[in-house]
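Asker: Sending over run.cif (mmCIF, C-alpha atoms).
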data_work
#
loop_
_atom_site.label_atom_id
_atom_site.label_comp_id
_atom_site.auth_asym_id
_atom_site.auth_seq_id
_atom_site.Cartn_x
_atom_site.Cartn_y
_atom_site.Cartn_z
CA MET A 638 0.00 0.00 0.00
CA ASN A 639 1.14 3.52 -0.78
CA TYR A 640 0.99 5.50 2.46
CA LYS A 641 0.55 9.22 1.82
CA LYS A 642 -0.84 10.51 5.12
CA ILE A 643 -0.11 9.58 8.72
CA SER A 644 -2.22 10.35 11.79
CA VAL A 645 -0.85 10.31 15.33
CA ILE A 646 -3.44 9.74 18.07
CA VAL A 647 -2.45 11.20 21.45
CA PRO A 648 -4.88 10.77 24.38
CA VAL A 649 -4.18 13.41 27.03
CA TYR A 650 -5.41 13.89 30.60
CA ASN A 651 -3.82 16.60 32.76
CA GLU A 652 -0.56 16.62 30.77
CA LYS A 653 0.30 20.34 30.86
CA GLU A 654 3.86 19.70 32.10
CA VAL A 655 4.88 17.42 29.25
CA LEU A 656 2.81 18.48 26.22
CA PRO A 657 5.10 21.22 24.82
CA GLU A 658 8.17 18.96 24.87
CA PHE A 659 6.20 16.02 23.49
CA HIS A 660 4.86 18.09 20.59
CA LYS A 661 8.32 19.43 19.84
CA ARG A 662 9.86 15.97 19.60
CA LEU A 663 6.92 14.53 17.66
CA SER A 664 7.01 17.42 15.18
CA LEU A 665 10.70 16.86 14.47
CA VAL A 666 10.00 13.18 13.79
CA LEU A 667 7.11 13.91 11.43
CA ASP A 668 9.16 16.58 9.63
CA SER A 669 11.88 14.02 8.98
CA MET A 670 9.40 11.54 7.48
CA GLY A 671 8.35 13.92 4.71
CA MET A 672 4.68 12.86 4.79
CA GLU A 673 1.45 14.75 5.16
CA ALA A 674 0.69 14.34 8.86
CA GLU A 675 -2.09 14.87 11.37
CA ILE A 676 -1.54 15.09 15.15
CA LEU A 677 -4.84 14.30 16.86
CA TYR A 678 -5.00 15.15 20.57
CA ILE A 679 -7.94 13.75 22.56
CA ASN A 680 -8.56 15.76 25.73
CA ASP A 681 -10.14 13.29 28.13
CA GLY A 682 -11.74 15.74 30.55
CA SER A 683 -8.55 17.37 31.81
CA HIS A 684 -8.83 19.69 34.82
CA ASP A 685 -5.64 21.65 34.19
CA THR A 686 -4.62 23.81 31.21
CA THR A 687 -4.09 20.86 28.84
CA LEU A 688 -6.88 21.97 26.49
CA GLU A 689 -5.56 25.54 26.31
CA ILE A 690 -2.09 24.24 25.45
CA VAL A 691 -3.55 22.02 22.73
CA ARG A 692 -5.50 24.98 21.31
CA ASP A 693 -2.31 27.02 21.23
CA LEU A 694 -0.46 24.21 19.46
CA GLY A 695 -3.28 24.09 16.90
CA GLU A 696 -2.89 27.79 16.15
CA LYS A 697 0.83 27.37 15.52
CA ASP A 698 0.81 24.00 13.72
CA LYS A 699 -1.73 23.28 10.95
CA ARG A 700 -1.24 19.55 11.47
CA VAL A 701 -2.84 19.65 14.93
CA ALA A 702 -6.41 18.44 15.38
CA PHE A 703 -8.10 17.97 18.72
CA ILE A 704 -11.13 16.41 20.33
CA ASP A 705 -12.49 17.67 23.65
CA PHE A 706 -14.68 15.19 25.52
CA SER A 707 -17.74 16.35 27.48
CA ARG A 708 -16.20 14.61 30.52
CA ASN A 709 -13.58 12.03 31.40
CA PHE A 710 -14.42 8.78 29.59
CA GLY A 711 -11.11 6.97 30.14
CA LYS A 712 -8.09 6.23 27.99
CA GLU A 713 -9.60 3.25 26.14
CA ILE A 714 -12.49 5.40 24.92
CA ALA A 715 -10.10 8.25 24.07
CA VAL A 716 -8.08 5.93 21.82
CA THR A 717 -11.35 4.76 20.24
CA ALA A 718 -12.40 8.34 19.50
CA GLY A 719 -9.00 8.94 17.92
CA LEU A 720 -9.43 5.91 15.66
CA ASP A 721 -12.91 7.13 14.72
CA HIS A 722 -11.62 10.54 13.60
CA ALA A 723 -8.11 9.81 12.26
CA ILE A 724 -7.84 10.43 8.52
CA GLY A 725 -4.38 8.99 7.84
CA ASP A 726 -3.56 5.93 5.75
CA ALA A 727 -1.31 4.93 8.66
CA VAL A 728 -2.35 5.63 12.26
CA VAL A 729 -0.04 5.80 15.30
CA VAL A 730 -1.25 5.51 18.89
CA ILE A 731 1.13 6.99 21.48
CA ASP A 732 0.97 8.47 24.99
CA ALA A 733 2.10 12.03 25.68
CA ASP A 734 4.29 11.27 28.71
CA LEU A 735 7.37 10.51 26.54
CA GLN A 736 7.89 7.10 28.09
CA ASP A 737 7.31 5.86 24.55
CA PRO A 738 9.75 7.76 22.29
CA PRO A 739 8.26 9.41 19.20
CA GLU A 740 11.63 8.82 17.53
CA LEU A 741 10.64 5.15 17.14
CA ILE A 742 7.75 5.97 14.79
CA PRO A 743 9.86 5.85 11.55
CA GLU A 744 11.02 2.35 12.51
CA LEU A 745 7.42 1.23 13.09
CA PHE A 746 6.38 2.80 9.79
CA LYS A 747 9.13 0.99 7.90
CA HIS A 748 7.67 -2.37 8.90
CA LEU A 749 4.17 -1.17 8.03
CA GLN A 750 5.40 -0.35 4.53
CA ALA A 751 6.87 -3.85 4.32
CA GLY A 752 3.37 -5.33 4.53
CA GLU A 753 2.46 -5.50 8.22
CA ASP A 754 -0.93 -4.24 9.41
CA VAL A 755 -0.08 -3.68 13.07
CA VAL A 756 3.45 -2.93 14.29
CA TYR A 757 3.63 -2.66 18.07
CA ALA A 758 6.47 -1.42 20.26
CA GLN A 759 7.54 -4.06 22.79
CA ARG A 760 9.48 -2.98 25.87
CA THR A 761 12.78 -4.63 26.68
CA SER A 762 13.11 -2.54 29.86
CA ARG A 763 10.77 -0.36 31.94
CA LYS A 764 12.82 2.43 33.51
CA GLY A 765 11.39 4.43 36.38
CA GLU A 766 8.92 1.74 37.50
CA THR A 767 8.90 -0.14 40.81
CA PHE A 768 9.68 -3.84 41.09
CA PHE A 769 6.10 -4.54 42.22
CA LYS A 770 4.63 -2.79 39.18
CA LYS A 771 6.91 -4.68 36.81
CA ALA A 772 6.16 -8.01 38.49
CA SER A 773 2.40 -7.45 38.56
CA ALA A 774 2.41 -6.39 34.90
CA ALA A 775 4.34 -9.53 33.94
CA ALA A 776 1.89 -11.69 35.91
CA PHE A 777 -1.07 -9.99 34.22
CA TYR A 778 0.30 -10.60 30.71
CA ARG A 779 1.03 -14.24 31.56
CA LEU A 780 -2.51 -14.67 32.87
CA MET A 781 -4.03 -13.13 29.75
CA GLY A 782 -1.81 -15.30 27.58
CA GLN A 783 -2.99 -18.43 29.37
CA PHE A 784 -6.72 -17.73 29.28
CA GLY A 785 -7.28 -15.49 26.25
CA ARG A 786 -8.28 -16.92 22.89
CA THR A 787 -5.66 -14.76 21.21
CA SER A 788 -2.28 -14.13 22.77
CA ILE A 789 -1.50 -10.58 23.92
CA PRO A 790 2.19 -9.71 23.49
CA GLN A 791 3.95 -9.25 26.81
CA ASN A 792 5.45 -5.87 27.80
CA THR A 793 3.40 -4.10 25.15
CA GLY A 794 1.31 -0.99 25.68
CA ASP A 795 -0.79 1.00 23.23
CA PHE A 796 2.20 2.42 21.34
CA ARG A 797 1.89 1.07 17.79
CA ILE A 798 1.15 1.90 14.19
CA LEU A 799 -1.82 0.52 12.24
CA SER A 800 -2.78 0.28 8.60
CA ARG A 801 -6.06 1.75 7.42
CA ARG A 802 -7.44 -1.80 7.09
CA ALA A 803 -6.69 -2.48 10.77
CA VAL A 804 -8.20 0.86 11.84
CA ASP A 805 -11.40 0.20 9.88
CA ALA A 806 -11.67 -3.23 11.53
CA LEU A 807 -11.28 -1.72 15.02
CA LYS A 808 -13.91 0.93 14.26
CA GLN A 809 -16.48 -1.85 13.90
CA LEU A 810 -15.97 -2.98 17.51
CA ARG A 811 -18.27 -0.80 19.62
CA GLU A 812 -18.42 -2.47 23.04
CA HIS A 813 -18.33 -0.13 26.03
CA HIS A 814 -16.04 -2.23 28.21
CA ARG A 815 -12.97 -1.95 26.06
CA PHE A 816 -9.55 -3.49 26.51
CA MET A 817 -7.67 -2.02 23.58
CA LYS A 818 -4.58 -4.22 23.93
CA GLY A 819 -6.86 -7.21 23.49
CA LEU A 820 -8.81 -5.65 20.60
CA PHE A 821 -5.60 -4.77 18.75
CA THR A 822 -4.71 -8.45 18.86
CA TRP A 823 -8.21 -9.82 18.30
CA ILE A 824 -8.61 -8.30 14.83
CA GLY A 825 -5.75 -10.46 13.56
CA TYR A 826 -3.98 -9.46 10.33
CA ARG A 827 -0.20 -9.35 10.09
CA GLN A 828 1.40 -8.07 13.30
CA LYS A 829 5.03 -7.50 14.22
CA ALA A 830 6.97 -6.37 17.29
CA VAL A 831 9.72 -3.75 17.41
CA LEU A 832 11.83 -3.83 20.58
CA TYR A 833 12.76 -0.67 22.51
CA ASP A 834 13.78 0.58 25.94
CA ARG A 835 11.02 2.47 27.70
CA ASP A 836 12.04 5.75 29.32
CA PRO A 837 10.80 7.20 32.63
CA ARG A 838 7.98 9.74 32.48
CA HIS A 839 9.39 13.06 31.24
CA ALA A 840 7.33 15.29 33.56
CA GLY A 841 4.14 15.35 35.59
CA GLN A 842 2.57 12.51 37.56
CA THR A 843 1.27 9.17 36.36
CA LYS A 844 -2.52 8.85 36.39
CA TRP A 845 -2.33 5.12 37.16
CA ASN A 846 -2.24 4.23 40.85
CA TYR A 847 -2.40 0.62 42.01
CA TRP A 848 -6.16 0.74 42.59
CA LYS A 849 -6.77 1.93 39.03
CA LEU A 850 -4.38 -0.69 37.70
CA TRP A 851 -6.24 -3.39 39.64
CA ASN A 852 -9.58 -2.26 38.18
CA PHE A 853 -8.00 -2.08 34.74
CA ALA A 854 -6.79 -5.68 35.11
CA ILE A 855 -10.30 -6.83 36.06
CA GLU A 856 -11.70 -4.89 33.11
CA GLY A 857 -9.18 -6.50 30.78
CA ILE A 858 -9.83 -10.04 31.99
CA THR A 859 -13.62 -9.83 32.00
CA SER A 860 -13.87 -8.03 28.66
CA TYR A 861 -11.37 -10.30 26.91
CA THR A 862 -12.09 -13.81 28.20
CA VAL A 863 -14.75 -15.88 29.98
CA ALA A 864 -12.06 -18.05 31.60
CA PRO A 865 -13.07 -17.08 35.20
CA LEU A 866 -16.55 -18.48 34.58
CA LYS A 867 -15.08 -21.70 33.21
CA LEU A 868 -12.76 -21.87 36.21
CA ALA A 869 -15.77 -21.54 38.52
CA THR A 870 -17.43 -24.48 36.77
CA TYR A 871 -14.36 -26.71 36.91
CA LEU A 872 -13.60 -25.85 40.53
CA GLY A 873 -17.23 -26.41 41.45
CA PHE A 874 -17.18 -29.93 39.97
CA PHE A 875 -13.86 -30.67 41.68
CA ILE A 876 -15.00 -29.53 45.13
CA ALA A 877 -18.36 -31.30 44.72
CA GLY A 878 -16.47 -34.48 43.88
CA LEU A 879 -14.30 -34.16 46.97
CA ALA A 880 -17.32 -33.46 49.16
CA PHE A 881 -19.22 -36.48 47.79
CA SER A 882 -16.22 -38.76 48.33
CA TYR A 883 -15.78 -37.52 51.87
CA ALA A 884 -19.49 -38.02 52.59
CA VAL A 885 -19.27 -41.65 51.40
CA PHE A 886 -16.20 -42.14 53.60
CA ILE A 887 -18.02 -40.80 56.68
CA ILE A 888 -21.08 -42.98 56.05
CA ILE A 889 -19.03 -46.15 55.64
CA LYS A 890 -16.91 -45.30 58.69
CA THR A 891 -20.01 -44.73 60.83
CA ILE A 892 -21.73 -47.94 59.70
CA LEU A 893 -18.71 -50.23 60.00
CA TYR A 894 -17.03 -48.83 63.09
CA HIS A 895 -20.01 -47.19 64.83
CA GLU A 896 -18.01 -43.98 65.28
CA THR A 897 -19.86 -40.83 66.16
CA VAL A 898 -19.42 -37.80 63.97
CA LYS A 899 -16.77 -35.44 65.38
CA GLY A 900 -14.73 -32.53 64.12
CA TYR A 901 -16.87 -29.41 64.43
CA PRO A 902 -13.85 -27.05 64.06
CA SER A 903 -12.86 -28.67 60.77
CA LEU A 904 -16.49 -28.54 59.65
CA VAL A 905 -16.61 -24.79 60.29
CA VAL A 906 -13.36 -24.30 58.36
CA ILE A 907 -14.73 -26.27 55.39
CA ILE A 908 -17.99 -24.30 55.40
CA LEU A 909 -16.15 -20.98 55.53
CA PHE A 910 -13.81 -22.08 52.75
CA LEU A 911 -16.63 -23.17 50.47
CA GLY A 912 -18.60 -20.03 51.31
CA GLY A 913 -15.61 -17.85 50.39
CA ILE A 914 -15.15 -19.67 47.10
CA GLN A 915 -18.83 -19.23 46.29
CA LEU A 916 -18.75 -15.50 47.07
CA ILE A 917 -15.65 -15.01 44.88
CA PHE A 918 -17.27 -16.64 41.90
CA ILE A 919 -20.59 -14.95 42.50
CA GLY A 920 -18.52 -11.77 42.24
CA PHE A 921 -17.12 -12.95 38.89
CA ILE A 922 -20.63 -13.69 37.65
CA GLY A 923 -21.73 -10.26 38.86
CA GLU A 924 -18.90 -8.57 36.92
CA TYR A 925 -19.96 -10.28 33.69
CA LEU A 926 -23.65 -9.66 34.36
CA GLY A 927 -22.98 -5.98 35.01
CA ARG A 928 -21.08 -5.69 31.75
CA THR A 929 -23.89 -7.40 29.87
CA TYR A 930 -26.35 -4.95 31.44
CA ASN A 931 -24.24 -1.96 30.41
CA GLU A 932 -23.81 -3.21 26.86
CA SER A 933 -27.56 -3.82 26.52
CA LYS A 934 -28.23 -0.08 27.00
CA ARG A 935 -26.47 0.64 23.69
CA ARG A 936 -25.37 4.11 24.79
CA PRO A 937 -22.90 6.12 22.69
CA LEU A 938 -19.28 5.53 23.65
CA TYR A 939 -18.56 9.24 24.18
CA PHE A 940 -19.80 12.79 23.69
CA LEU A 941 -17.77 15.70 22.36
CA ASN A 942 -17.60 19.28 23.49
CA GLU A 943 -15.64 20.15 20.39
CA TYR A 944 -13.87 18.65 17.42
CA HIS A 945 -11.30 20.78 15.63
CA PRO A 946 -9.92 19.08 12.49
CA SER A 947 -6.43 19.65 11.18
CA GLN A 948 -5.79 21.73 8.06
CA ILE A 949 -4.36 18.87 6.01
CA SER A 950 -6.44 17.58 3.13
CA LYS A 951 -8.64 14.55 3.60
#
For the structure just supplied, provide its representation as structure tokens.
Answerer:
Amino acid sequence: MNYKKISVIVPVYNEKEVLPEFHKRLSLVLDSMGMEAEILYINDGSHDTTLEIVRDLGEKDKRVAFIDFSRNFGKEIAVTAGLDHAIGDAVVVIDADLQDPPELIPELFKHLQAGEDVVYAQRTSRKGETFFKKASAAAFYRLMGQFGRTSIPQNTGDFRILSRRAVDALKQLREHHRFMKGLFTWIGYRQKAVLYDRDPRHAGQTKWNYWKLWNFAIEGITSYTVAPLKLATYLGFFIAGLAFSYAVFIIIKTILYHETVKGYPSLVVIILFLGGIQLIFIGFIGEYLGRTYNESKRRPLYFLNEYHPSQISK
């Protein structure tokens, strides 16, 4: 495919400290590529001066387009809105915190030109992150790889480049509970990894605390696989089998040896254990049921305060 235009999707939320430097570095990269380019910022309900900075960038750079949400809808929805409005033949998704270097975009684009549909940046190191965060991220990717129908590449975020065919496929997926890393993989097509070292955040504070990461992990698992429900079924059969076997053992022991039933402490422990297991899996069922309820409403994914297109030709 002959790629003439490239769009760069940048979801932003309270990124006033890093946006000027990010735009400077991204602009230099796009200038070096010699293509018609669009830089699409999605303001996800920022409370600082992020939107004013984006407006100012738009006045100075005709390539800048921006979307302003009516409220905070979350990063997954912001990326979706970017895909909906991007006009490029090739589309890049990248965060504004400069942990993912814009200088890698030409390398990603080279592989796209070679025939790939999705070229994703895979981290070989994660500088500036705690051991616990690295370990929990590795465990999450292993879990998703074990239970998902399609394998999600480990140590891979949203930073990638997509062909127009891949973007059009993703635009057809309109579920509200979105796990973009899974959707990027689910569409299939030819996909390739490019390795890189991830830098620490350039400025500002991360928006992802451990509670948000935990909820994001639950969102990813329940929106990408029904494995927890299958696990509940298998574990239920296993425990029921053990309980039935133990009941037979007690009956035979009582009949043959005339032993009275003892062991109330162990009985209480077993009841509490089984009750805890039941509550956990009722929680899993509730998560899936809640998502089904939300999807059945068929609400729009987002609302816009404003959409300002770039000045490049469509």
Asker: So which residues get picked by the PyMOL selection byres ((chain A and resi 796-806) around 8) here, written as a list of chain:residue names?
Answerer: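 After applying the PyMOL selection byres ((chain A and resi 796-806) around 8), what remains is A:Leu720, A:Gly725, A:Asp726, A:Ala727, A:Val728, A:Val729, A:Val730, A:Ile731, A:Asp732, A:Asp737, A:Ile742, A:Leu745, A:Phe746, A:Leu749, A:Glu753, A:Asp754, A:Val755, A:Val756, A:Tyr757, A:Ala758, A:Thr793, A:Gly794, A:Asp795, A:Leu807, A:Lys808, A:Gln809, A:Leu810, A:Ile824, A:Tyr826.
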Asker: Could those selected residues go to a file with C-alpha atoms, as a PDB file, keeping the file's coordinate frame?
Answerer:
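Wrote out37.pdb, looks like this:
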ATOM      1  CA  LEU A 720      -9.430   5.910  15.660  1.00  0.00           C
ATOM      2  CA  GLY A 725      -4.380   8.990   7.840  1.00  0.00           C
ATOM      3  CA  ASP A 726      -3.560   5.930   5.750  1.00  0.00           C
ATOM      4  CA  ALA A 727      -1.310   4.930   8.660  1.00  0.00           C
ATOM      5  CA  VAL A 728      -2.350   5.630  12.260  1.00  0.00           C
ATOM      6  CA  VAL A 729      -0.040   5.800  15.300  1.00  0.00           C
ATOM      7  CA  VAL A 730      -1.250   5.510  18.890  1.00  0.00           C
ATOM      8  CA  ILE A 731       1.130   6.990  21.480  1.00  0.00           C
ATOM      9  CA  ASP A 732       0.970   8.470  24.990  1.00  0.00           C
ATOM     10  CA  ASP A 737       7.310   5.860  24.550  1.00  0.00           C
ATOM     11  CA  ILE A 742       7.750   5.970  14.790  1.00  0.00           C
ATOM     12  CA  LEU A 745       7.420   1.230  13.090  1.00  0.00           C
ATOM     13  CA  PHE A 746       6.380   2.800   9.790  1.00  0.00           C
ATOM     14  CA  LEU A 749       4.170  -1.170   8.030  1.00  0.00           C
ATOM     15  CA  GLU A 753       2.460  -5.500   8.220  1.00  0.00           C
ATOM     16  CA  ASP A 754      -0.930  -4.240   9.410  1.00  0.00           C
ATOM     17  CA  VAL A 755      -0.080  -3.680  13.070  1.00  0.00           C
ATOM     18  CA  VAL A 756       3.450  -2.930  14.290  1.00  0.00           C
ATOM     19  CA  TYR A 757       3.630  -2.660  18.070  1.00  0.00           C
ATOM     20  CA  ALA A 758       6.470  -1.420  20.260  1.00  0.00           C
ATOM     21  CA  THR A 793       3.400  -4.100  25.150  1.00  0.00           C
ATOM     22  CA  GLY A 794       1.310  -0.990  25.680  1.00  0.00           C
ATOM     23  CA  ASP A 795      -0.790   1.000  23.230  1.00  0.00           C
ATOM     24  CA  LEU A 807     -11.280  -1.720  15.020  1.00  0.00           C
ATOM     25  CA  LYS A 808     -13.910   0.930  14.260  1.00  0.00           C
ATOM     26  CA  GLN A 809     -16.480  -1.850  13.900  1.00  0.00           C
ATOM     27  CA  LEU A 810     -15.970  -2.980  17.510  1.00  0.00           C
ATOM     28  CA  ILE A 824      -8.610  -8.300  14.830  1.00  0.00           C
ATOM     29  CA  TYR A 826      -3.980  -9.460  10.330  1.00  0.00           C
TER      30      TYR A 826
END
Asker: Considering only C-alpha atoms, can you say which of A:Gln759, A:Gln750, A:Asn942, A:Asn931 comes closest to A:Met638?
Answerer: A:Gln750
Asker: What separation in Å, quoted to one decimal, exists between atom CA of A:Lys642 and atom CA of A:Glu673?
Answerer: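 Atom CA of A:Glu673 lies 4.8 Å from atom CA of A:Lys642.
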Asker: Distance atom CA of A:Glu654-atom CA of A:Gly695, one decimal place?
Answerer: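 If I compute the distance from atom CA of A:Glu654 to atom CA of A:Gly695, I get 17.4 Å.
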Asker: Kindly provide, as JSON, numbers by chain, the polymer residues lying within 7 Å of (-2.5, 20.2, 31.0), counting all atoms listed in the file and using the coordinates exactly as they appear in the file.
Answerer: {"A": [650, 651, 652, 653, 654, 683, 685, 686, 687, 688, 690]}
Asker: I need the residues from that last selection saved to file as an mmCIF file, keeping the file's coordinate frame (with C-alpha atoms), if you can.
Answerer:
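The file below, part_23.cif, is the result:
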data_model
loop_
_atom_site.group_PDB
_atom_site.id
_atom_site.type_symbol
_atom_site.label_atom_id
_atom_site.label_comp_id
_atom_site.auth_asym_id
_atom_site.auth_seq_id
_atom_site.Cartn_x
_atom_site.Cartn_y
_atom_site.Cartn_z
ATOM 1 C CA TYR A 650 -5.410 13.890 30.600
ATOM 2 C CA ASN A 651 -3.820 16.600 32.760
ATOM 3 C CA GLU A 652 -0.560 16.620 30.770
ATOM 4 C CA LYS A 653 0.300 20.340 30.860
ATOM 5 C CA GLU A 654 3.860 19.700 32.100
ATOM 6 C CA SER A 683 -8.550 17.370 31.810
ATOM 7 C CA ASP A 685 -5.640 21.650 34.190
ATOM 8 C CA THR A 686 -4.620 23.810 31.210
ATOM 9 C CA THR A 687 -4.090 20.860 28.840
ATOM 10 C CA LEU A 688 -6.880 21.970 26.490
ATOM 11 C CA ILE A 690 -2.090 24.240 25.450
#
Asker: Using all atoms listed in the file, which residues sit within 6 Å of stretch 704-710 of chain A once same-chain residues fewer than 5 positions away are excluded, as a ChimeraX atom specification?
Answerer: /A:679-682,940-944
Asker: Export, as a PDB file, keeping the file's coordinate frame, the selected residues with C-alpha atoms.
Answerer:
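Contents of the output file again.pdb:
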ATOM      1  CA  ILE A 679      -7.940  13.750  22.560  1.00  0.00           C
ATOM      2  CA  ASN A 680      -8.560  15.760  25.730  1.00  0.00           C
ATOM      3  CA  ASP A 681     -10.140  13.290  28.130  1.00  0.00           C
ATOM      4  CA  GLY A 682     -11.740  15.740  30.550  1.00  0.00           C
ATOM      5  CA  PHE A 940     -19.800  12.790  23.690  1.00  0.00           C
ATOM      6  CA  LEU A 941     -17.770  15.700  22.360  1.00  0.00           C
ATOM      7  CA  ASN A 942     -17.600  19.280  23.490  1.00  0.00           C
ATOM      8  CA  GLU A 943     -15.640  20.150  20.390  1.00  0.00           C
ATOM      9  CA  TYR A 944     -13.870  18.650  17.420  1.00  0.00           C
TER      10      TYR A 944
END
Asker: How many Å separate atom CA of A:Gly719 from atom CA of A:Pro946?
Answerer: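 Between atom CA of A:Gly719 and atom CA of A:Pro946 the gap is 11.5 Å.
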Asker: Any chance you could work out the residue set of the PyMOL selection byres ((chain A and resi 663) around 12) here, as number ranges by chain?
Answerer: A: 644-647, 656-662, 664-670, 674-677, 698, 700-701, 729, 731-735, 737-743
Asker: Could you tell me which of A:Gln948, A:Glu744, A:Ile907, A:Leu832 comes closest to A:Leu879 if we count all atoms listed in the file?
Answerer: A:Ile907
Asker: Which residue is closest to A:Val655? Choose from A:Gln736, A:Gly711, A:Ile789, A:Ser762 and count all atoms listed in the file.
Answerer: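 Once distances to A:Val655 are computed over all atoms listed in the file, the minimum belongs to A:Gln736.
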